[in-house]
Amino acid sequence: MILVLGILAVIIVVIALRPWERRACRWREDGRKLADGRVLFVCVACGADLALPKGRFPRTCRAGDM
Ligand SMILES: [Zn+2]
């Protein structure tokens with residue numbers, strides 16, 4: 001019974017923390033400006049790229065969305 005409770009606790013913690021959304025993404029601003037004025041960011045950790053309006057900065061890893 002204690003083992004079952006332990007497994008449940010681990011599952012709850014994993015769901016609460018969502019570690020897959022907190023990967024160590026290191027975004028770099030790409031020098032090339034996109035045609036519509038947005039800025040291209042490239043993650044040097046996983047290779048994902050993301051275009052955002054000027055002034056905004058990506059917070060999450062986008063690799064899972066591809
Ligand atoms: Zn990444």
# chains A, B, ... in the order shown; residues from 1 in each chain; ligands from 1
$ residues_near_ligand --ligand "ligand 1" --cutoff "8 Å" --atoms "only C-alpha atoms and all ligand atoms" --output "list of chain:residue names"
A:Arg23, A:Ala24, A:Cys25, A:Arg26, A:Trp27, A:Cys43, A:Val44, A:Ala45, A:Cys46, A:Gly47, A:Ala48, A:Thr60, A:Cys61, A:Arg62, A:Ala63
$ residues_around --residues "Pro53 of chain A" --least-positions-apart "5" --cutoff "9 Å" --atoms "only C-alpha atoms" --output "list in words"
Gly37, Arg38, Val39 and Leu40 of chain A
$ closest_residue --among "A:Ala35, A:Arg28, A:Leu3, A:Val13" --to "Phe57 of chain A" --atoms "only C-alpha atoms"
A:Arg28
$ select_by_dssp --residues "chain A" --states "helix (DSSP H, G or I)" --output "list in words"
Ile2, Leu3, Val4, Leu5, Gly6, Ile7, Leu8, Ala9, Val10, Ile11, Ile12, Val13, Val14, Ile15, Ala16, Leu17, Pro19, Trp20, Glu21, Ala63, Gly64 and Asp65 of chain A
$ write_last_selection --atoms "N, CA and C atoms" --output "mmCIF file, in the first residue's frame"
data_model
loop_
_atom_site.group_PDB
_atom_site.id
_atom_site.type_symbol
_atom_site.label_atom_id
_atom_site.label_comp_id
_atom_site.auth_asym_id
_atom_site.auth_seq_id
_atom_site.Cartn_x
_atom_site.Cartn_y
_atom_site.Cartn_z
ATOM 1 N N ILE A 2 1.919 1.223 0.807
ATOM 2 C CA ILE A 2 2.824 2.380 0.822
ATOM 3 C C ILE A 2 3.481 2.566 -0.541
ATOM 4 N N LEU A 3 3.796 1.447 -1.199
ATOM 5 C CA LEU A 3 4.413 1.517 -2.527
ATOM 6 C C LEU A 3 3.469 2.190 -3.525
ATOM 7 N N VAL A 4 2.188 1.829 -3.460
ATOM 8 C CA VAL A 4 1.209 2.432 -4.372
ATOM 9 C C VAL A 4 1.110 3.932 -4.124
ATOM 10 N N LEU A 5 1.074 4.303 -2.842
ATOM 11 C CA LEU A 5 1.008 5.737 -2.518
ATOM 12 C C LEU A 5 2.249 6.466 -3.020
ATOM 13 N N GLY A 6 3.409 5.804 -2.913
ATOM 14 C CA GLY A 6 4.645 6.408 -3.394
ATOM 15 C C GLY A 6 4.604 6.639 -4.891
ATOM 16 N N ILE A 7 4.120 5.649 -5.636
ATOM 17 C CA ILE A 7 4.019 5.796 -7.091
ATOM 18 C C ILE A 7 3.057 6.922 -7.445
ATOM 19 N N LEU A 8 1.930 6.974 -6.735
ATOM 20 C CA LEU A 8 0.959 8.047 -6.975
ATOM 21 C C LEU A 8 1.585 9.412 -6.712
ATOM 22 N N ALA A 9 2.370 9.503 -5.628
ATOM 23 C CA ALA A 9 3.008 10.775 -5.295
ATOM 24 C C ALA A 9 3.965 11.198 -6.401
ATOM 25 N N VAL A 10 4.733 10.250 -6.930
ATOM 26 C CA VAL A 10 5.680 10.566 -8.015
ATOM 27 C C VAL A 10 4.927 11.063 -9.247
ATOM 28 N N ILE A 11 3.835 10.376 -9.592
ATOM 29 C CA ILE A 11 3.057 10.780 -10.767
ATOM 30 C C ILE A 11 2.516 12.189 -10.579
ATOM 31 N N ILE A 12 1.993 12.487 -9.390
ATOM 32 C CA ILE A 12 1.437 13.815 -9.128
ATOM 33 C C ILE A 12 2.528 14.885 -9.245
ATOM 34 N N VAL A 13 3.706 14.594 -8.695
ATOM 35 C CA VAL A 13 4.805 15.568 -8.761
ATOM 36 C C VAL A 13 5.219 15.814 -10.208
ATOM 37 N N VAL A 14 5.324 14.729 -10.988
ATOM 38 C CA VAL A 14 5.740 14.879 -12.388
ATOM 39 C C VAL A 14 4.717 15.706 -13.160
ATOM 40 N N ILE A 15 3.427 15.444 -12.937
ATOM 41 C CA ILE A 15 2.393 16.201 -13.642
ATOM 42 C C ILE A 15 2.412 17.661 -13.208
ATOM 43 N N ALA A 16 2.664 17.907 -11.920
ATOM 44 C CA ALA A 16 2.646 19.271 -11.409
ATOM 45 C C ALA A 16 3.830 20.076 -11.934
ATOM 46 N N LEU A 17 4.996 19.461 -12.001
ATOM 47 C CA LEU A 17 6.203 20.208 -12.388
ATOM 48 C C LEU A 17 6.394 20.271 -13.900
ATOM 49 N N PRO A 19 8.276 18.532 -16.178
ATOM 50 C CA PRO A 19 9.702 18.706 -16.488
ATOM 51 C C PRO A 19 9.972 18.777 -17.984
ATOM 52 N N TRP A 20 9.083 18.210 -18.803
ATOM 53 C CA TRP A 20 9.320 18.258 -20.248
ATOM 54 C C TRP A 20 9.150 19.671 -20.802
ATOM 55 N N GLU A 21 8.523 20.565 -20.037
ATOM 56 C CA GLU A 21 8.404 21.952 -20.498
ATOM 57 C C GLU A 21 9.489 22.833 -19.905
ATOM 58 N N ALA A 63 10.810 22.184 -28.889
ATOM 59 C CA ALA A 63 11.193 20.978 -29.624
ATOM 60 C C ALA A 63 10.027 19.993 -29.689
ATOM 61 N N GLY A 64 9.217 19.914 -28.633
ATOM 62 C CA GLY A 64 8.130 18.964 -28.602
ATOM 63 C C GLY A 64 6.996 19.293 -29.557
ATOM 64 N N ASP A 65 6.976 20.533 -30.060
ATOM 65 C CA ASP A 65 5.879 20.938 -30.938
ATOM 66 C C ASP A 65 6.126 20.562 -32.384
#
